[in-house]
>>> print(open('data.cif').read())   # mmCIF, C-alpha atoms
data_work
#
loop_
_atom_site.group_PDB
_atom_site.id
_atom_site.type_symbol
_atom_site.label_atom_id
_atom_site.label_comp_id
_atom_site.auth_asym_id
_atom_site.auth_seq_id
_atom_site.Cartn_x
_atom_site.Cartn_y
_atom_site.Cartn_z
ATOM 1 C CA MET A 1 93.703 101.914 83.800
ATOM 2 C CA LEU A 2 91.745 101.525 87.038
ATOM 3 C CA ARG A 3 90.352 98.041 87.556
ATOM 4 C CA PRO A 4 87.806 96.981 90.173
ATOM 5 C CA VAL A 5 88.988 94.593 92.895
ATOM 6 C CA ALA A 6 85.899 94.838 95.122
ATOM 7 C CA GLU A 7 82.634 96.759 95.250
ATOM 8 C CA GLY A 8 83.558 100.447 95.220
ATOM 9 C CA VAL A 9 87.330 99.843 95.190
ATOM 10 C CA ARG A 10 89.573 100.197 92.134
ATOM 11 C CA VAL A 11 93.318 99.739 91.663
ATOM 12 C CA HIS A 12 95.936 100.998 89.223
ATOM 13 C CA GLU A 13 99.204 99.054 88.968
ATOM 14 C CA SER A 14 102.287 101.091 88.045
ATOM 15 C CA GLU A 15 105.001 99.839 85.728
ATOM 16 C CA PHE A 16 107.428 100.624 88.577
ATOM 17 C CA CYS A 17 107.673 97.657 90.937
ATOM 18 C CA GLN A 18 103.972 96.799 90.645
ATOM 19 C CA THR A 19 103.113 99.799 92.831
ATOM 20 C CA ASN A 20 99.384 99.959 93.527
ATOM 21 C CA THR A 21 97.249 103.091 93.639
ATOM 22 C CA VAL A 22 93.920 102.463 95.375
ATOM 23 C CA VAL A 23 90.694 104.369 94.746
ATOM 24 C CA VAL A 24 87.830 103.949 97.229
ATOM 25 C CA ASP A 25 84.554 105.414 95.995
ATOM 26 C CA GLY A 26 82.604 107.571 98.449
ATOM 27 C CA THR A 27 79.459 109.669 98.501
ATOM 28 C CA ALA A 28 81.009 112.954 97.388
ATOM 29 C CA GLY A 29 84.144 111.662 95.732
ATOM 30 C CA ALA A 30 86.942 109.148 96.120
ATOM 31 C CA LEU A 31 89.636 108.375 98.659
ATOM 32 C CA LEU A 32 92.958 108.078 96.804
ATOM 33 C CA VAL A 33 95.593 105.972 98.571
ATOM 34 C CA ASP A 34 99.309 106.033 97.665
ATOM 35 C CA PRO A 35 98.984 107.387 94.101
ATOM 36 C CA GLY A 36 101.970 106.633 91.910
ATOM 37 C CA ILE A 37 104.342 106.477 90.355
ATOM 38 C CA LEU A 38 105.038 108.099 87.001
ATOM 39 C CA ASP A 39 103.635 111.415 85.806
ATOM 40 C CA GLU A 40 101.865 109.816 82.868
ATOM 41 C CA GLU A 41 100.349 107.167 85.145
ATOM 42 C CA LEU A 42 99.011 109.768 87.558
ATOM 43 C CA SER A 43 97.583 111.703 84.620
ATOM 44 C CA ALA A 44 95.888 108.525 83.403
ATOM 45 C CA ILE A 45 94.384 107.878 86.846
ATOM 46 C CA ALA A 46 93.037 111.438 86.905
ATOM 47 C CA ALA A 47 91.555 110.887 83.423
ATOM 48 C CA ASP A 48 89.858 107.669 84.560
ATOM 49 C CA LEU A 49 88.352 109.504 87.516
ATOM 50 C CA ARG A 50 87.097 112.297 85.289
ATOM 51 C CA ALA A 51 85.591 109.748 82.908
ATOM 52 C CA SER A 52 83.512 108.349 85.770
ATOM 53 C CA SER A 53 82.710 111.876 87.066
ATOM 54 C CA THR A 54 84.620 111.118 90.265
ATOM 55 C CA LEU A 55 86.251 113.894 92.266
ATOM 56 C CA VAL A 56 89.090 113.232 94.694
ATOM 57 C CA ALA A 57 87.609 113.898 98.137
ATOM 58 C CA ALA A 58 90.636 112.857 100.192
ATOM 59 C CA GLY A 59 94.009 111.201 99.947
ATOM 60 C CA PHE A 60 95.952 108.930 102.267
ATOM 61 C CA ALA A 61 99.643 108.028 102.411
ATOM 62 C CA THR A 62 100.327 104.742 104.156
ATOM 63 C CA HIS A 63 103.844 105.880 105.096
ATOM 64 C CA PRO A 64 106.392 108.632 104.377
ATOM 65 C CA HIS A 65 108.589 106.953 101.753
ATOM 66 C CA TRP A 66 109.017 108.773 98.437
ATOM 67 C CA ASP A 67 106.908 106.384 96.360
ATOM 68 C CA HIS A 68 103.901 106.788 98.661
ATOM 69 C CA VAL A 69 103.715 110.583 99.037
ATOM 70 C CA LEU A 70 103.324 111.614 95.400
ATOM 71 C CA TRP A 71 100.438 113.638 93.958
ATOM 72 C CA HIS A 72 99.308 115.304 90.740
ATOM 73 C CA PRO A 73 97.674 118.723 90.219
ATOM 74 C CA ALA A 74 94.820 117.028 88.337
ATOM 75 C CA PHE A 75 93.744 115.369 91.601
ATOM 76 C CA GLY A 76 92.882 118.758 93.052
ATOM 77 C CA THR A 77 93.441 120.150 96.529
ATOM 78 C CA ALA A 78 91.729 117.562 98.728
ATOM 79 C CA PRO A 79 93.441 116.903 102.072
ATOM 80 C CA ARG A 80 96.054 114.164 101.908
ATOM 81 C CA PHE A 81 96.047 112.414 105.263
ATOM 82 C CA ALA A 82 98.701 110.355 107.012
ATOM 83 C CA THR A 83 99.302 109.264 110.578
ATOM 84 C CA ALA A 84 100.797 111.893 112.838
ATOM 85 C CA HIS A 85 104.149 110.098 112.886
ATOM 86 C CA ALA A 86 104.266 109.679 109.108
ATOM 87 C CA ALA A 87 103.281 113.293 108.437
ATOM 88 C CA GLY A 88 105.859 114.471 110.967
ATOM 89 C CA ALA A 89 108.586 112.438 109.287
ATOM 90 C CA ILE A 90 107.937 113.863 105.828
ATOM 91 C CA GLU A 91 107.564 117.383 107.246
ATOM 92 C CA ALA A 92 111.011 117.084 108.832
ATOM 93 C CA PHE A 93 112.427 115.784 105.540
ATOM 94 C CA LEU A 94 110.979 118.677 103.545
ATOM 95 C CA ALA A 95 112.246 121.216 106.100
ATOM 96 C CA ASP A 96 115.764 120.583 104.800
ATOM 97 C CA GLU A 97 116.377 123.002 101.915
ATOM 98 C CA ALA A 98 118.444 120.280 100.235
ATOM 99 C CA TRP A 99 115.612 117.727 100.314
ATOM 100 C CA ARG A 100 115.618 117.319 96.540
ATOM 101 C CA GLU A 101 119.302 116.456 96.608
ATOM 102 C CA ARG A 102 118.691 113.979 99.438
ATOM 103 C CA LEU A 103 115.770 112.453 97.546
ATOM 104 C CA ALA A 104 117.550 112.034 94.219
ATOM 105 C CA PRO A 105 119.544 108.866 95.114
ATOM 106 C CA MET A 106 116.355 107.181 96.359
ATOM 107 C CA ILE A 107 114.624 107.299 92.966
ATOM 108 C CA PRO A 108 115.958 104.950 90.272
ATOM 109 C CA ALA A 109 117.777 106.986 87.639
ATOM 110 C CA ASP A 110 115.841 105.498 84.732
ATOM 111 C CA ILE A 111 112.538 106.953 85.987
ATOM 112 C CA ALA A 112 113.745 110.058 87.845
ATOM 113 C CA GLU A 113 112.598 112.526 85.195
ATOM 114 C CA ARG A 114 109.167 110.870 85.039
ATOM 115 C CA VAL A 115 108.363 111.170 88.768
ATOM 116 C CA PRO A 116 106.426 114.377 89.603
ATOM 117 C CA LEU A 117 107.675 116.189 92.700
ATOM 118 C CA THR A 118 105.705 119.446 92.563
ATOM 119 C CA LEU A 119 103.283 118.404 95.333
ATOM 120 C CA PHE A 120 105.593 115.903 96.960
ATOM 121 C CA GLY A 121 104.884 115.093 100.609
ATOM 122 C CA GLU A 122 102.231 117.730 101.295
ATOM 123 C CA LEU A 123 100.416 115.704 103.939
ATOM 124 C CA THR A 124 97.871 116.525 106.640
ATOM 125 C CA ALA A 125 98.491 114.780 109.955
ATOM 126 C CA LEU A 126 95.645 112.841 111.487
ATOM 127 C CA PRO A 127 95.238 113.280 115.243
ATOM 128 C CA GLU A 128 97.542 111.074 117.286
ATOM 129 C CA GLY A 129 96.001 107.611 117.515
ATOM 130 C CA ALA A 130 93.243 108.363 114.977
ATOM 131 C CA GLU A 131 91.317 105.226 114.037
ATOM 132 C CA TRP A 132 89.381 106.412 110.985
ATOM 133 C CA ILE A 133 89.862 108.491 107.841
ATOM 134 C CA PRO A 134 87.663 111.629 108.158
ATOM 135 C CA TRP A 135 85.796 111.543 104.876
ATOM 136 C CA ASP A 136 82.313 111.059 103.414
ATOM 137 C CA GLY A 137 82.610 107.451 102.316
ATOM 138 C CA PRO A 138 82.903 103.856 103.550
ATOM 139 C CA ARG A 139 84.547 103.575 106.951
ATOM 140 C CA ALA A 140 88.287 103.248 106.434
ATOM 141 C CA ARG A 141 89.997 102.061 109.597
ATOM 142 C CA VAL A 142 93.572 103.189 110.204
ATOM 143 C CA ILE A 143 95.724 100.319 111.464
ATOM 144 C CA GLU A 144 98.946 101.967 112.581
ATOM 145 C CA HIS A 145 102.083 100.053 113.531
ATOM 146 C CA ARG A 146 105.874 100.385 113.331
ATOM 147 C CA ALA A 147 106.754 97.914 110.589
ATOM 148 C CA HIS A 148 108.764 99.253 107.635
ATOM 149 C CA ALA A 149 108.544 102.958 108.571
ATOM 150 C CA SER A 150 107.584 105.268 111.409
ATOM 151 C CA GLY A 151 103.850 105.886 111.296
ATOM 152 C CA HIS A 152 103.179 103.149 108.753
ATOM 153 C CA ALA A 153 99.499 102.244 108.541
ATOM 154 C CA ALA A 154 97.294 99.848 106.660
ATOM 155 C CA LEU A 155 93.692 100.768 105.868
ATOM 156 C CA LEU A 156 90.744 98.417 106.259
ATOM 157 C CA VAL A 157 87.730 99.444 104.196
ATOM 158 C CA GLU A 158 85.243 97.661 106.380
ATOM 159 C CA GLU A 159 82.233 97.620 104.066
ATOM 160 C CA SER A 160 84.041 95.837 101.248
ATOM 161 C CA GLY A 161 86.584 93.989 103.379
ATOM 162 C CA VAL A 162 89.518 95.479 101.455
ATOM 163 C CA LEU A 163 92.831 95.756 103.297
ATOM 164 C CA VAL A 164 95.157 98.349 101.757
ATOM 165 C CA ALA A 165 98.378 97.018 103.231
ATOM 166 C CA GLY A 166 100.983 99.629 102.347
ATOM 167 C CA ASP A 167 104.430 98.056 102.175
ATOM 168 C CA LEU A 168 103.439 94.864 103.976
ATOM 169 C CA LEU A 169 102.216 91.534 102.572
ATOM 170 C CA SER A 170 103.912 91.745 99.184
ATOM 171 C CA ASP A 171 104.382 88.739 96.958
ATOM 172 C CA VAL A 172 107.317 90.403 95.162
ATOM 173 C CA LEU A 173 109.296 92.087 97.959
ATOM 174 C CA VAL A 174 110.526 90.680 101.271
ATOM 175 C CA PRO A 175 109.797 92.672 104.447
ATOM 176 C CA LEU A 176 111.953 95.807 104.426
ATOM 177 C CA LEU A 177 112.782 96.879 107.962
ATOM 178 C CA ASP A 178 112.828 100.302 109.570
ATOM 179 C CA HIS A 179 116.409 100.181 110.805
ATOM 180 C CA SER A 180 115.953 103.428 112.744
ATOM 181 C CA ALA A 181 113.648 101.584 115.155
ATOM 182 C CA ALA A 182 114.906 100.152 118.432
ATOM 183 C CA ASP A 183 113.862 96.616 117.460
ATOM 184 C CA PRO A 184 112.821 96.525 113.789
ATOM 185 C CA VAL A 185 112.253 92.764 113.573
ATOM 186 C CA GLU A 186 110.001 92.679 116.632
ATOM 187 C CA ASP A 187 108.131 95.739 115.369
ATOM 188 C CA TYR A 188 107.447 93.975 112.091
ATOM 189 C CA LEU A 189 106.405 90.727 113.771
ATOM 190 C CA ALA A 190 104.031 92.701 116.000
ATOM 191 C CA ALA A 191 102.507 94.353 112.926
ATOM 192 C CA LEU A 192 101.880 90.960 111.324
ATOM 193 C CA THR A 193 100.171 89.778 114.511
ATOM 194 C CA LEU A 194 98.023 92.925 114.472
ATOM 195 C CA ILE A 195 97.000 92.320 110.853
ATOM 196 C CA GLU A 196 96.340 88.667 111.649
ATOM 197 C CA SER A 197 93.928 89.733 114.389
ATOM 198 C CA ILE A 198 91.627 91.413 111.837
ATOM 199 C CA ALA A 199 92.000 88.780 109.105
ATOM 200 C CA ASP A 200 88.444 87.505 109.499
ATOM 201 C CA GLY A 201 87.154 90.879 108.300
ATOM 202 C CA VAL A 202 89.364 90.898 105.190
ATOM 203 C CA ARG A 203 88.249 89.583 101.807
ATOM 204 C CA THR A 204 90.742 91.360 99.523
ATOM 205 C CA VAL A 205 94.326 92.502 100.124
ATOM 206 C CA VAL A 206 96.026 95.208 98.071
ATOM 207 C CA PRO A 207 99.750 95.443 98.883
ATOM 208 C CA GLY A 208 101.764 98.539 98.125
ATOM 209 C CA HIS A 209 103.768 96.471 95.643
ATOM 210 C CA GLY A 210 102.662 93.218 94.067
ATOM 211 C CA SER A 211 99.502 91.358 93.210
ATOM 212 C CA VAL A 212 96.098 91.631 94.806
ATOM 213 C CA THR A 213 95.046 88.565 96.787
ATOM 214 C CA GLY A 214 92.203 87.235 98.922
ATOM 215 C CA ARG A 215 91.721 86.001 102.478
ATOM 216 C CA ASP A 216 93.678 82.781 101.954
ATOM 217 C CA GLY A 217 96.445 84.757 100.296
ATOM 218 C CA LEU A 218 96.523 87.108 103.280
ATOM 219 C CA ARG A 219 97.247 84.263 105.673
ATOM 220 C CA GLU A 220 99.836 82.784 103.303
ATOM 221 C CA ARG A 221 101.654 86.109 103.026
ATOM 222 C CA ILE A 222 101.602 86.654 106.777
ATOM 223 C CA ALA A 223 103.203 83.222 107.178
ATOM 224 C CA LEU A 224 105.782 83.940 104.455
ATOM 225 C CA ASP A 225 106.712 87.315 105.945
ATOM 226 C CA ARG A 226 106.919 85.844 109.433
ATOM 227 C CA ALA A 227 109.183 83.015 108.234
ATOM 228 C CA TYR A 228 111.452 85.522 106.495
ATOM 229 C CA LEU A 229 111.736 87.688 109.607
ATOM 230 C CA LEU A 230 112.482 84.734 111.886
ATOM 231 C CA ALA A 231 115.188 83.547 109.488
ATOM 232 C CA LEU A 232 116.638 87.055 109.327
ATOM 233 C CA ARG A 233 116.694 87.322 113.107
ATOM 234 C CA SER A 234 118.413 83.937 113.382
ATOM 235 C CA GLY A 235 121.089 84.882 110.861
ATOM 236 C CA GLU A 236 119.836 82.343 108.318
ATOM 237 C CA HIS A 237 119.189 82.766 104.606
ATOM 238 C CA PRO A 238 115.602 81.856 103.635
ATOM 239 C CA ASP A 239 116.514 79.904 100.505
ATOM 240 C CA ASP A 240 112.921 78.902 99.797
ATOM 241 C CA ASP A 241 111.549 82.466 99.746
ATOM 242 C CA PRO A 242 110.398 83.096 96.141
ATOM 243 C CA ARG A 243 111.019 86.837 96.531
ATOM 244 C CA LEU A 244 114.779 86.332 96.757
ATOM 245 C CA GLY A 245 117.363 85.020 94.348
ATOM 246 C CA PRO A 246 117.831 85.000 90.575
ATOM 247 C CA ASP A 247 114.226 84.051 89.845
ATOM 248 C CA ALA A 248 112.726 86.890 91.908
ATOM 249 C CA ALA A 249 110.466 89.338 90.079
ATOM 250 C CA TYR A 250 112.495 92.455 90.978
ATOM 251 C CA ASP A 251 116.174 93.113 91.472
ATOM 252 C CA TRP A 252 115.991 96.842 92.252
ATOM 253 C CA VAL A 253 116.607 95.864 95.872
ATOM 254 C CA ALA A 254 119.233 93.275 94.945
ATOM 255 C CA GLY A 255 121.198 92.142 97.981
ATOM 256 C CA VAL A 256 118.558 93.484 100.353
ATOM 257 C CA HIS A 257 118.641 90.399 102.563
ATOM 258 C CA GLU A 258 122.404 90.588 103.005
ATOM 259 C CA ARG A 259 122.199 94.316 103.684
ATOM 260 C CA GLN A 260 119.472 93.885 106.286
ATOM 261 C CA ALA A 261 121.316 91.015 107.937
ATOM 262 C CA GLY A 262 124.450 93.131 108.094
ATOM 263 C CA LEU A 263 122.655 96.057 109.705
ATOM 264 C CA LEU A 264 121.095 93.781 112.305
ATOM 265 C CA ALA A 265 124.468 92.237 113.080
ATOM 266 C CA GLN A 266 125.905 95.700 113.812
ATOM 267 C CA ARG A 267 123.392 96.351 116.615
#
>>> encode(input="data.cif", output="structure tokens")
Amino acid sequence: MLRPVAEGVRVHESEFCQTNTVVVDGTAGALLVDPGILDEELSAIAADLRASSTLVAAGFATHPHWDHVLWHPAFGTAPRFATAHAAGAIEAFLADEAWRERLAPMIPADIAERVPLTLFGELTALPEGAEWIPWDGPRARVIEHRAHASGHAALLVEESGVLVAGDLLSDVLVPLLDHSAADPVEDYLAALTLIESIADGVRTVVPGHGSVTGRDGLRERIALDRAYLLALRSGEHPDDDPRLGPDAAYDWVAGVHERQAGLLAQR
């Protein structure tokens, strides 16, 4: 079920890790951001759009991880945009004939048969350095950075002040680093500073995973993510981070802090 979070912006929350699909209403249709996760959920989103006589005019993937590059035939054949780096990464992944075998361990076994892969990763690259989504709707600013994944981008829907954050600013998951980067912690800290610089124009934040929040919540999550990253860099365990430990909402990334600390120590 799509629920409104701001004027002209609706969200569907998946049963898998509180993954958020975002629908931005435009003049000739909707912009669909990171649709997921399960086949029946995507079908339900398509049904909600049909019920409101809304076509999908464009799609956007915030980054090239499996849970953000899904699609459903019922959404139609609108272009699905991503940054040039993100589109290039998924194109290289799909060029391997064994990509399905490589993908299989990434998807939890209990939902694997419910995740549609027919149109997986079929993205259209935006021009290098593009600042806006090319579509007939509210201006959606592309805020590209190198936190979490190559080519990761948040979207700021300027008219409504909605920040679609991708896999940043979650209240249920700690920052997950892109360990292929030269300096993943600094990249992530730089991304938080970039987001902080536009905070005055944000009224609503929709993370890729977790609950929707407002402007005060944005600043709180930036501070929480920054504290986690500084602790990680210093080799400390952030014992007061509510996203870690036995009381955390999700354990599908159990041990993630120890794993990330270990990878950083090997550099």
>>> closest_residue(input="data.cif", among="A:Glu122, A:Glu40, A:Asp225, A:Asp171", to="Glu91 (chain A)", atoms="only C-alpha atoms")
A:Glu122
>>> atom_distance(input="data.cif", atom1="CA of Leu155 (chain A)", atom2="CA of Pro184 (chain A)")
21.1 Å
>>> resolve_selection(input="data.cif", expression="the PyMOL selection byres ((chain A and resi 147) around 12)", output="ChimeraX atom specification")
/A:62-63,143-146,148-154,165-169,175-195,225,229
>>> resolve_selection(input="data.cif", expression="the PyMOL selection byres ((chain A and resi 69) around 10)", output="number ranges by chain")
A: 33-37, 59-68, 70-71, 80, 82, 87, 90, 117, 119-123
>>> closest_residue(input="data.cif", among="A:Gly201, A:Gly129, A:Gly137, A:Gly235", to="Asp25 (chain A)", atoms="only C-alpha atoms")
A:Gly137
>>> resolve_selection(input="data.cif", expression="the PyMOL selection byres ((chain A and resi 205) around 6)", output="MDAnalysis selection string")
chainID A and resid 162:163 204 206 212:214
>>> write_last_selection(input="data.cif", atoms="C-alpha atoms", output="short mmCIF file (atom, residue, chain, number, x, y, z; two decimals), in the coordinates of the input")
data_model
loop_
_atom_site.label_atom_id
_atom_site.label_comp_id
_atom_site.auth_asym_id
_atom_site.auth_seq_id
_atom_site.Cartn_x
_atom_site.Cartn_y
_atom_site.Cartn_z
CA VAL A 162 89.52 95.48 101.46
CA LEU A 163 92.83 95.76 103.30
CA THR A 204 90.74 91.36 99.52
CA VAL A 206 96.03 95.21 98.07
CA VAL A 212 96.10 91.63 94.81
CA THR A 213 95.05 88.56 96.79
CA GLY A 214 92.20 87.24 98.92
#
>>> atom_distance(input="data.cif", atom1="CA of Ala46 (chain A)", atom2="CA of Ala104 (chain A)")
25.6 Å
>>> residues_near_point(input="data.cif", point="(83.7, 106.5, 84.6)", cutoff="12 Å", atoms="all atoms listed in the file", output="MDAnalysis selection string")
chainID A and resid 1:4 10 25 45:55
>>> atom_distance(input="data.cif", atom1="CA of Trp135 (chain A)", atom2="CA of Gln18 (chain A)")
27.4 Å
>>> residues_around(input="data.cif", residues="Gln260 (chain A)", least_positions_apart="2", cutoff="9 Å", atoms="only C-alpha atoms", output="CSV table (one decimal) with C-alpha atoms, in the frame of the given file")
chain,number,residue,atom,x,y,z
A,176,LEU,CA,112.0,95.8,104.4
A,177,LEU,CA,112.8,96.9,108.0
A,179,HIS,CA,116.4,100.2,110.8
A,232,LEU,CA,116.6,87.1,109.3
A,255,GLY,CA,121.2,92.1,98.0
A,256,VAL,CA,118.6,93.5,100.4
A,257,HIS,CA,118.6,90.4,102.6
A,258,GLU,CA,122.4,90.6,103.0
A,262,GLY,CA,124.4,93.1,108.1
A,263,LEU,CA,122.7,96.1,109.7
A,264,LEU,CA,121.1,93.8,112.3
A,265,ALA,CA,124.5,92.2,113.1
>>> closest_residue(input="data.cif", among="A:Arg141, A:Arg219, A:Arg226, A:His209", to="Glu13 (chain A)", atoms="only C-alpha atoms")
A:His209
>>> closest_residue(input="data.cif", among="A:Trp99, A:Phe81, A:Phe75, A:Phe16", to="Gly29 (chain A)", atoms="all atoms listed in the file")
A:Phe75
>>> closest_residue(input="data.cif", among="A:Arg221, A:Glu15, A:Asp110, A:Asn20", to="Pro207 (chain A)", atoms="all atoms listed in the file")
A:Asn20
>>> closest_residue(input="data.cif", among="A:Ile107, A:Gly88, A:Ile222, A:Glu158", to="Ile133 (chain A)", atoms="all atoms listed in the file")
A:Glu158
>>> axis_aligned_box(input="data.cif", around="region 42-48 of chain A", padding_each_side="4 Å", output="JSON")
{"center_x": 94.4, "center_y": 109.7, "center_z": 85.5, "size_x": 17.2, "size_y": 12.0, "size_z": 12.2}
>>> residues_around(input="data.cif", residues="Asp39 (chain A)", least_positions_apart="2", cutoff="6 Å", atoms="all atoms listed in the file", output="list in words")
Glu41, Leu42, Arg114, Val115 and Pro116 of chain A
